[in-house]
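Data file: data_32.cif. Format and content: mmCIF, N, CA and C atoms and all ligand atoms.
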```cif
data_entry
loop_
_atom_site.label_atom_id
_atom_site.label_comp_id
_atom_site.auth_asym_id
_atom_site.auth_seq_id
_atom_site.Cartn_x
_atom_site.Cartn_y
_atom_site.Cartn_z
N MET A 1 -47.39 36.23 -40.85
CA MET A 1 -47.30 34.77 -40.68
C MET A 1 -47.61 34.08 -42.01
N GLY A 2 -46.71 33.22 -42.45
CA GLY A 2 -46.89 32.54 -43.73
C GLY A 2 -47.69 31.25 -43.56
N LEU A 3 -47.96 30.63 -44.68
CA LEU A 3 -48.73 29.38 -44.65
C LEU A 3 -48.00 28.28 -43.88
N GLY A 4 -46.65 28.31 -43.98
CA GLY A 4 -45.84 27.29 -43.30
C GLY A 4 -46.06 27.28 -41.81
N SER A 5 -46.07 28.45 -41.19
CA SER A 5 -46.23 28.49 -39.74
C SER A 5 -47.66 28.12 -39.33
N LEU A 6 -48.63 28.45 -40.17
CA LEU A 6 -50.02 28.04 -39.89
C LEU A 6 -50.12 26.52 -39.84
N PHE A 7 -49.48 25.88 -40.80
CA PHE A 7 -49.52 24.42 -40.88
C PHE A 7 -48.88 23.80 -39.64
N LYS A 8 -47.73 24.36 -39.24
CA LYS A 8 -47.03 23.83 -38.06
C LYS A 8 -47.91 23.94 -36.81
N ARG A 9 -48.60 25.07 -36.68
CA ARG A 9 -49.42 25.28 -35.49
C ARG A 9 -50.55 24.25 -35.44
N ASN A 10 -51.17 24.00 -36.59
CA ASN A 10 -52.27 23.02 -36.63
C ASN A 10 -51.78 21.63 -36.25
N LYS A 11 -50.60 21.28 -36.73
CA LYS A 11 -50.04 19.97 -36.44
C LYS A 11 -49.83 19.80 -34.93
N LYS A 12 -49.30 20.84 -34.29
CA LYS A 12 -49.03 20.80 -32.85
C LYS A 12 -50.33 20.62 -32.07
N GLU A 13 -51.36 21.37 -32.44
CA GLU A 13 -52.64 21.28 -31.74
C GLU A 13 -53.20 19.87 -31.83
N LYS A 14 -53.06 19.26 -33.00
CA LYS A 14 -53.59 17.91 -33.20
C LYS A 14 -52.87 16.92 -32.29
N LYS A 15 -51.56 17.05 -32.17
CA LYS A 15 -50.79 16.14 -31.34
C LYS A 15 -51.24 16.24 -29.87
N GLU A 16 -51.45 17.44 -29.40
CA GLU A 16 -51.88 17.63 -28.01
C GLU A 16 -53.23 16.96 -27.76
N GLU A 17 -54.12 17.03 -28.75
CA GLU A 17 -55.44 16.42 -28.62
C GLU A 17 -55.31 14.91 -28.38
N VAL A 18 -54.42 14.27 -29.13
CA VAL A 18 -54.26 12.83 -29.03
C VAL A 18 -53.78 12.44 -27.64
N VAL A 19 -52.84 13.20 -27.09
CA VAL A 19 -52.33 12.89 -25.76
C VAL A 19 -53.44 13.00 -24.70
N GLU A 20 -54.26 14.04 -24.80
CA GLU A 20 -55.34 14.23 -23.83
C GLU A 20 -56.39 13.12 -23.94
N ASP A 21 -56.53 12.58 -25.13
CA ASP A 21 -57.57 11.60 -25.40
C ASP A 21 -57.38 10.29 -24.64
N SER A 22 -56.12 9.87 -24.43
CA SER A 22 -55.89 8.58 -23.81
C SER A 22 -55.76 8.71 -22.29
N HIS A 23 -56.50 7.91 -21.56
CA HIS A 23 -56.45 7.94 -20.10
C HIS A 23 -55.61 6.79 -19.56
N ILE A 24 -54.97 6.05 -20.47
CA ILE A 24 -54.10 4.95 -20.06
C ILE A 24 -52.67 5.31 -20.44
N ASP A 25 -51.81 5.31 -19.43
CA ASP A 25 -50.42 5.70 -19.68
C ASP A 25 -49.52 4.50 -19.37
N ILE A 26 -48.71 4.10 -20.33
CA ILE A 26 -47.80 2.97 -20.13
C ILE A 26 -46.36 3.47 -20.25
N ILE A 27 -45.58 3.23 -19.19
CA ILE A 27 -44.16 3.60 -19.26
C ILE A 27 -43.46 2.45 -19.97
N THR A 28 -43.29 2.63 -21.26
CA THR A 28 -42.81 1.52 -22.09
C THR A 28 -41.39 1.10 -21.73
N ASP A 29 -40.57 2.01 -21.25
CA ASP A 29 -39.18 1.68 -20.89
C ASP A 29 -39.12 0.66 -19.75
N GLU A 30 -40.15 0.66 -18.91
CA GLU A 30 -40.14 -0.25 -17.76
C GLU A 30 -40.95 -1.52 -17.98
N CYS A 31 -41.62 -1.60 -19.13
CA CYS A 31 -42.42 -2.79 -19.45
C CYS A 31 -41.52 -3.88 -19.99
N ASP A 32 -41.67 -5.11 -19.43
CA ASP A 32 -40.85 -6.22 -19.93
C ASP A 32 -41.66 -7.19 -20.79
N GLY A 33 -42.89 -6.79 -21.12
CA GLY A 33 -43.70 -7.60 -22.03
C GLY A 33 -44.20 -8.90 -21.43
N CYS A 34 -44.38 -8.95 -20.12
CA CYS A 34 -44.77 -10.20 -19.45
C CYS A 34 -46.19 -10.65 -19.79
N GLU A 35 -46.98 -9.74 -20.35
CA GLU A 35 -48.35 -10.04 -20.81
C GLU A 35 -49.39 -10.13 -19.71
N LYS A 36 -48.99 -9.96 -18.45
CA LYS A 36 -49.95 -10.11 -17.36
C LYS A 36 -51.12 -9.14 -17.51
N CYS A 37 -50.83 -7.93 -17.88
CA CYS A 37 -51.90 -6.92 -18.03
C CYS A 37 -52.85 -7.29 -19.16
N ALA A 38 -52.29 -7.72 -20.27
CA ALA A 38 -53.12 -8.05 -21.43
C ALA A 38 -54.02 -9.24 -21.13
N ILE A 39 -53.50 -10.22 -20.40
CA ILE A 39 -54.29 -11.41 -20.05
C ILE A 39 -55.36 -11.04 -19.02
N ALA A 40 -55.02 -10.17 -18.07
CA ALA A 40 -55.94 -9.84 -16.98
C ALA A 40 -57.05 -8.87 -17.39
N CYS A 41 -56.81 -8.04 -18.36
CA CYS A 41 -57.81 -7.03 -18.72
C CYS A 41 -59.09 -7.70 -19.21
N PRO A 42 -60.21 -7.43 -18.54
CA PRO A 42 -61.47 -8.07 -18.93
C PRO A 42 -62.04 -7.55 -20.25
N ASN A 43 -61.51 -6.45 -20.73
CA ASN A 43 -62.07 -5.85 -21.95
C ASN A 43 -61.11 -5.88 -23.15
N ASN A 44 -60.04 -6.66 -23.01
CA ASN A 44 -59.06 -6.78 -24.11
C ASN A 44 -58.59 -5.43 -24.64
N VAL A 45 -58.31 -4.54 -23.73
CA VAL A 45 -57.85 -3.21 -24.12
C VAL A 45 -56.38 -3.26 -24.54
N LEU A 46 -55.61 -4.14 -23.88
CA LEU A 46 -54.16 -4.12 -24.06
C LEU A 46 -53.67 -5.32 -24.88
N ILE A 47 -52.69 -5.09 -25.72
CA ILE A 47 -52.03 -6.17 -26.45
C ILE A 47 -50.52 -5.94 -26.35
N ILE A 48 -49.77 -7.00 -26.55
CA ILE A 48 -48.31 -6.87 -26.54
C ILE A 48 -47.83 -6.74 -27.98
N VAL A 49 -47.13 -5.64 -28.24
CA VAL A 49 -46.56 -5.42 -29.56
C VAL A 49 -45.06 -5.19 -29.38
N ASP A 50 -44.27 -6.01 -30.05
CA ASP A 50 -42.80 -5.92 -29.92
C ASP A 50 -42.36 -5.96 -28.46
N ASP A 51 -42.95 -6.87 -27.70
CA ASP A 51 -42.59 -7.07 -26.28
C ASP A 51 -42.92 -5.89 -25.37
N VAL A 52 -43.85 -5.07 -25.79
CA VAL A 52 -44.27 -3.94 -24.96
C VAL A 52 -45.80 -3.87 -24.94
N SER A 53 -46.35 -3.64 -23.76
CA SER A 53 -47.80 -3.49 -23.65
C SER A 53 -48.25 -2.25 -24.40
N THR A 54 -49.33 -2.41 -25.16
CA THR A 54 -49.80 -1.34 -26.04
C THR A 54 -51.32 -1.23 -25.94
N VAL A 55 -51.83 -0.03 -25.96
CA VAL A 55 -53.27 0.17 -25.89
C VAL A 55 -53.87 -0.14 -27.26
N ARG A 56 -54.75 -1.16 -27.28
CA ARG A 56 -55.41 -1.54 -28.53
C ARG A 56 -56.60 -0.62 -28.80
N ASP A 57 -57.40 -0.38 -27.74
CA ASP A 57 -58.58 0.47 -27.91
C ASP A 57 -58.95 1.07 -26.55
N ALA A 58 -58.55 2.32 -26.34
CA ALA A 58 -58.80 2.98 -25.04
C ALA A 58 -60.29 3.18 -24.78
N GLN A 59 -61.08 3.23 -25.83
CA GLN A 59 -62.51 3.52 -25.66
C GLN A 59 -63.27 2.39 -24.96
N VAL A 60 -62.74 1.18 -25.00
CA VAL A 60 -63.46 0.07 -24.35
C VAL A 60 -62.94 -0.17 -22.92
N CYS A 61 -62.00 0.65 -22.48
CA CYS A 61 -61.49 0.53 -21.11
C CYS A 61 -62.52 1.04 -20.11
N LYS A 62 -62.76 0.26 -19.07
CA LYS A 62 -63.75 0.64 -18.04
C LYS A 62 -63.08 1.20 -16.78
N SER A 63 -61.78 1.47 -16.88
CA SER A 63 -61.02 2.05 -15.75
C SER A 63 -61.11 1.20 -14.48
N CYS A 64 -61.15 -0.11 -14.63
CA CYS A 64 -61.25 -1.00 -13.46
C CYS A 64 -59.90 -1.10 -12.72
N LYS A 65 -58.82 -0.78 -13.41
CA LYS A 65 -57.46 -0.76 -12.85
C LYS A 65 -56.91 -2.13 -12.46
N VAL A 66 -57.49 -3.17 -13.01
CA VAL A 66 -56.94 -4.52 -12.83
C VAL A 66 -55.51 -4.57 -13.40
N CYS A 67 -55.30 -3.92 -14.52
CA CYS A 67 -53.97 -3.92 -15.16
C CYS A 67 -52.92 -3.23 -14.29
N THR A 68 -53.29 -2.14 -13.65
CA THR A 68 -52.33 -1.43 -12.81
C THR A 68 -51.96 -2.26 -11.59
N ALA A 69 -52.94 -3.01 -11.08
CA ALA A 69 -52.71 -3.83 -9.89
C ALA A 69 -51.82 -5.03 -10.20
N ILE A 70 -51.96 -5.58 -11.40
CA ILE A 70 -51.25 -6.82 -11.71
C ILE A 70 -49.85 -6.58 -12.26
N CYS A 71 -49.57 -5.40 -12.76
CA CYS A 71 -48.26 -5.15 -13.38
C CYS A 71 -47.15 -5.19 -12.33
N PRO A 72 -46.17 -6.08 -12.49
CA PRO A 72 -45.09 -6.19 -11.51
C PRO A 72 -44.13 -5.00 -11.53
N ASN A 73 -44.17 -4.21 -12.59
CA ASN A 73 -43.23 -3.10 -12.73
C ASN A 73 -43.87 -1.72 -12.56
N ASP A 74 -45.12 -1.72 -12.15
CA ASP A 74 -45.84 -0.43 -11.95
C ASP A 74 -45.74 0.48 -13.16
N CYS A 75 -45.89 -0.07 -14.33
CA CYS A 75 -45.74 0.83 -15.49
C CYS A 75 -47.04 1.28 -16.12
N ILE A 76 -48.19 0.93 -15.52
CA ILE A 76 -49.45 1.39 -16.10
C ILE A 76 -50.15 2.34 -15.13
N THR A 77 -50.62 3.46 -15.68
CA THR A 77 -51.46 4.38 -14.91
C THR A 77 -52.76 4.56 -15.66
N VAL A 78 -53.88 4.42 -14.95
CA VAL A 78 -55.20 4.66 -15.56
C VAL A 78 -55.87 5.80 -14.81
N ASN A 79 -56.22 6.85 -15.54
CA ASN A 79 -56.86 8.01 -14.92
C ASN A 79 -58.36 7.98 -15.13
S1 LIG B 1 -58.30 -0.33 -16.41
FE1 LIG B 1 -59.36 -2.32 -16.63
S2 LIG B 1 -60.41 -2.20 -18.62
FE2 LIG B 1 -58.86 -0.56 -18.58
S3 LIG B 1 -57.04 -1.43 -19.56
FE3 LIG B 1 -56.83 -1.76 -17.34
S4 LIG B 1 -57.70 -3.80 -16.95
FE4 LIG B 1 -58.39 -3.14 -18.97
S1 LIG B 2 -47.97 -6.30 -16.79
FE1 LIG B 2 -46.61 -4.51 -16.83
S2 LIG B 2 -44.61 -5.32 -17.42
FE2 LIG B 2 -46.11 -6.88 -17.93
S3 LIG B 2 -46.65 -6.46 -20.09
FE3 LIG B 2 -48.12 -5.36 -18.81
S4 LIG B 2 -47.28 -3.28 -18.60
FE4 LIG B 2 -45.61 -4.63 -19.28
#
```

Exercise: express the given structure as structure tokens:
Amino acid sequence: MGLGSLFKRNKKEKKEEVVEDSHIDIITDECDGCEKCAIACPNNVLIIVDDVSTVRDAQVCKSCKVCTAICPNDCITVN
């Protein structure tokens, strides 16, 4: 195994870590940027970027699920 394949493996592991880290999942294809979730979130976790809801800081999310309840398109999941 050369250095190149070692580097690729490390990169892949890092990507998987990031996915596991976030407990908020937004189906961006179904988001119409209505801002309801961002306005309703009591902890300012979500912001609208380019007309799509985006997680600003997952660490301050309290998993209250207000955002999932208010989204008209069911595009947010909080685990
Ligand atoms: S679960 Fe609650 S705190 Fe977390 S993003 Fe949704 S509204 Fe905000
Ligand atoms: S409430 Fe739903 S559709 Fe509206 S911005 Fe948030 S995620 Fe997108």

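Pairwise distance (atom FE1 of ligand LIG 2 (chain B), atom CA of A:Cys75) equals 5.6 Å.
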
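Separating atom N of A:Asp57 from atom CA of A:Cys71 is a distance of 17.7 Å.
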
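Pairwise distance (atom FE1 of ligand LIG 2 (chain B), atom CA of A:Val55) equals 12.2 Å.
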
Per residue of chain A within 6 Å of ligand LIG 2 (chain B), what are the shortest atom pair and its distance in Å to one decimal, counting only C-alpha atoms and all ligand atoms, with rows by chain and residue number, as a Markdown table?
```
| residue | atom | partner | partner_atom | distance |
| --- | --- | --- | --- | --- |
| A:Cys31 | CA | B:LIG2 | FE4 | 3.7 |
| A:Asp32 | CA | B:LIG2 | S2 | 4.6 |
| A:Gly33 | CA | B:LIG2 | S3 | 3.7 |
| A:Cys34 | CA | B:LIG2 | FE2 | 3.9 |
| A:Glu35 | CA | B:LIG2 | S3 | 4.0 |
| A:Lys36 | CA | B:LIG2 | S1 | 4.3 |
| A:Cys37 | CA | B:LIG2 | FE3 | 4.2 |
| A:Val52 | CA | B:LIG2 | FE4 | 5.9 |
| A:Ser53 | CA | B:LIG2 | S3 | 4.8 |
| A:Cys71 | CA | B:LIG2 | S1 | 3.6 |
| A:Pro72 | CA | B:LIG2 | FE1 | 5.8 |
| A:Asn73 | CA | B:LIG2 | S2 | 5.4 |
| A:Cys75 | CA | B:LIG2 | S4 | 5.4 |
| A:Ile76 | CA | B:LIG2 | S4 | 5.7 |
```

Collect all residues with atoms no farther than 7 Å from ligand LIG 1 (chain B), counting only N, CA and C atoms and all ligand atoms, and output them as a PyMOL selection string.
-> chain A and resi 37+40-46+60-68+78

Could the centre and edge lengths of an axis-aligned box, enclosing all atoms of stretch 62-69 of chain A in the file with 6 Å extra on each side, be given in Å to one decimal as lines of an AutoDock Vina configuration file?
```
center_x = -57.8
center_y = -1.5
center_z = -14.5
size_x = 23.9
size_y = 19.1
size_z = 21.2
```

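The residue that comes closest to A:Glu30, out of A:Ile47, A:Asp74, A:Gln59, A:Ala69 and on the basis of only C-alpha atoms, is A:Asp74.
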
Which residues in stretch 23-61 of chain A does DSSP call strand (DSSP E or B)? List them as a VMD selection string.
-> chain A and resid 24 to 26 46 to 49 52 to 55

Since the input is missing atoms for stretch 59-70 of chain A, could you rebuild it with all heavy atoms and give the result as a PDB file, in the frame of the given file?
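What ended up in selection.pdb:
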```pdb
ATOM      1  N   GLN A  59     -61.080   3.230 -25.830  1.00  0.00           N
ATOM      2  CA  GLN A  59     -62.510   3.520 -25.660  1.00  0.00           C
ATOM      3  C   GLN A  59     -63.270   2.390 -24.960  1.00  0.00           C
ATOM      4  O   GLN A  59     -64.332   2.630 -24.387  1.00  0.00           O
ATOM      5  CB  GLN A  59     -63.142   3.804 -27.013  1.00  0.00           C
ATOM      6  CG  GLN A  59     -62.663   5.139 -27.575  1.00  0.00           C
ATOM      7  CD  GLN A  59     -63.444   5.573 -28.792  1.00  0.00           C
ATOM      8  OE1 GLN A  59     -64.147   4.762 -29.392  1.00  0.00           O
ATOM      9  NE2 GLN A  59     -63.321   6.812 -29.164  1.00  0.00           N
ATOM     10  N   VAL A  60     -62.740   1.180 -25.000  1.00  0.00           N
ATOM     11  CA  VAL A  60     -63.460   0.070 -24.350  1.00  0.00           C
ATOM     12  C   VAL A  60     -62.940  -0.170 -22.920  1.00  0.00           C
ATOM     13  O   VAL A  60     -63.414  -1.066 -22.225  1.00  0.00           O
ATOM     14  CB  VAL A  60     -63.409  -1.238 -25.177  1.00  0.00           C
ATOM     15  CG1 VAL A  60     -64.157  -1.064 -26.482  1.00  0.00           C
ATOM     16  CG2 VAL A  60     -61.979  -1.688 -25.434  1.00  0.00           C
ATOM     17  N   CYS A  61     -62.000   0.650 -22.480  1.00  0.00           N
ATOM     18  CA  CYS A  61     -61.490   0.530 -21.110  1.00  0.00           C
ATOM     19  C   CYS A  61     -62.520   1.040 -20.110  1.00  0.00           C
ATOM     20  O   CYS A  61     -63.100   2.110 -20.294  1.00  0.00           O
ATOM     21  CB  CYS A  61     -60.204   1.351 -20.979  1.00  0.00           C
ATOM     22  SG  CYS A  61     -59.619   1.486 -19.277  1.00  0.00           S
ATOM     23  N   LYS A  62     -62.760   0.260 -19.070  1.00  0.00           N
ATOM     24  CA  LYS A  62     -63.750   0.640 -18.040  1.00  0.00           C
ATOM     25  C   LYS A  62     -63.080   1.200 -16.780  1.00  0.00           C
ATOM     26  O   LYS A  62     -63.709   1.312 -15.736  1.00  0.00           O
ATOM     27  CB  LYS A  62     -64.611  -0.576 -17.654  1.00  0.00           C
ATOM     28  CG  LYS A  62     -65.319  -1.235 -18.815  1.00  0.00           C
ATOM     29  CD  LYS A  62     -66.405  -0.350 -19.394  1.00  0.00           C
ATOM     30  CE  LYS A  62     -67.189  -1.072 -20.482  1.00  0.00           C
ATOM     31  NZ  LYS A  62     -67.457  -0.233 -21.646  1.00  0.00           N
ATOM     32  N   SER A  63     -61.780   1.470 -16.880  1.00  0.00           N
ATOM     33  CA  SER A  63     -61.020   2.050 -15.750  1.00  0.00           C
ATOM     34  C   SER A  63     -61.110   1.200 -14.480  1.00  0.00           C
ATOM     35  O   SER A  63     -61.097   1.740 -13.372  1.00  0.00           O
ATOM     36  CB  SER A  63     -61.486   3.482 -15.475  1.00  0.00           C
ATOM     37  OG  SER A  63     -61.240   4.290 -16.602  1.00  0.00           O
ATOM     38  N   CYS A  64     -61.150  -0.110 -14.630  1.00  0.00           N
ATOM     39  CA  CYS A  64     -61.250  -1.000 -13.460  1.00  0.00           C
ATOM     40  C   CYS A  64     -59.900  -1.100 -12.720  1.00  0.00           C
ATOM     41  O   CYS A  64     -59.851  -1.507 -11.573  1.00  0.00           O
ATOM     42  CB  CYS A  64     -61.700  -2.390 -13.900  1.00  0.00           C
ATOM     43  SG  CYS A  64     -60.493  -3.264 -14.935  1.00  0.00           S
ATOM     44  N   LYS A  65     -58.820  -0.780 -13.410  1.00  0.00           N
ATOM     45  CA  LYS A  65     -57.460  -0.760 -12.850  1.00  0.00           C
ATOM     46  C   LYS A  65     -56.910  -2.130 -12.460  1.00  0.00           C
ATOM     47  O   LYS A  65     -55.969  -2.224 -11.675  1.00  0.00           O
ATOM     48  CB  LYS A  65     -57.368   0.223 -11.676  1.00  0.00           C
ATOM     49  CG  LYS A  65     -57.749   1.636 -12.113  1.00  0.00           C
ATOM     50  CD  LYS A  65     -57.374   2.684 -11.129  1.00  0.00           C
ATOM     51  CE  LYS A  65     -57.763   4.066 -11.669  1.00  0.00           C
ATOM     52  NZ  LYS A  65     -57.425   5.146 -10.786  1.00  0.00           N
ATOM     53  N   VAL A  66     -57.490  -3.170 -13.010  1.00  0.00           N
ATOM     54  CA  VAL A  66     -56.940  -4.520 -12.830  1.00  0.00           C
ATOM     55  C   VAL A  66     -55.510  -4.570 -13.400  1.00  0.00           C
ATOM     56  O   VAL A  66     -54.607  -5.161 -12.802  1.00  0.00           O
ATOM     57  CB  VAL A  66     -57.845  -5.577 -13.523  1.00  0.00           C
ATOM     58  CG1 VAL A  66     -57.131  -6.914 -13.683  1.00  0.00           C
ATOM     59  CG2 VAL A  66     -59.135  -5.753 -12.741  1.00  0.00           C
ATOM     60  N   CYS A  67     -55.300  -3.920 -14.520  1.00  0.00           N
ATOM     61  CA  CYS A  67     -53.970  -3.920 -15.160  1.00  0.00           C
ATOM     62  C   CYS A  67     -52.920  -3.230 -14.290  1.00  0.00           C
ATOM     63  O   CYS A  67     -51.800  -3.709 -14.177  1.00  0.00           O
ATOM     64  CB  CYS A  67     -54.058  -3.255 -16.533  1.00  0.00           C
ATOM     65  SG  CYS A  67     -54.714  -1.575 -16.475  1.00  0.00           S
ATOM     66  N   THR A  68     -53.290  -2.140 -13.650  1.00  0.00           N
ATOM     67  CA  THR A  68     -52.330  -1.430 -12.810  1.00  0.00           C
ATOM     68  C   THR A  68     -51.960  -2.260 -11.590  1.00  0.00           C
ATOM     69  O   THR A  68     -50.832  -2.253 -11.127  1.00  0.00           O
ATOM     70  CB  THR A  68     -52.863  -0.044 -12.362  1.00  0.00           C
ATOM     71  OG1 THR A  68     -53.979  -0.234 -11.516  1.00  0.00           O
ATOM     72  CG2 THR A  68     -53.268   0.809 -13.544  1.00  0.00           C
ATOM     73  N   ALA A  69     -52.940  -3.010 -11.080  1.00  0.00           N
ATOM     74  CA  ALA A  69     -52.710  -3.830  -9.890  1.00  0.00           C
ATOM     75  C   ALA A  69     -51.820  -5.030 -10.200  1.00  0.00           C
ATOM     76  O   ALA A  69     -51.005  -5.438  -9.367  1.00  0.00           O
ATOM     77  CB  ALA A  69     -54.039  -4.285  -9.308  1.00  0.00           C
ATOM     78  N   ILE A  70     -51.960  -5.580 -11.400  1.00  0.00           N
ATOM     79  CA  ILE A  70     -51.250  -6.820 -11.710  1.00  0.00           C
ATOM     80  C   ILE A  70     -49.850  -6.580 -12.260  1.00  0.00           C
ATOM     81  O   ILE A  70     -48.981  -7.473 -12.191  1.00  0.00           O
ATOM     82  CB  ILE A  70     -52.090  -7.693 -12.687  1.00  0.00           C
ATOM     83  CG1 ILE A  70     -51.748  -9.151 -12.489  1.00  0.00           C
ATOM     84  CG2 ILE A  70     -51.892  -7.266 -14.138  1.00  0.00           C
ATOM     85  CD1 ILE A  70     -52.772 -10.107 -13.050  1.00  0.00           C
TER      86      ILE A  70
END
```
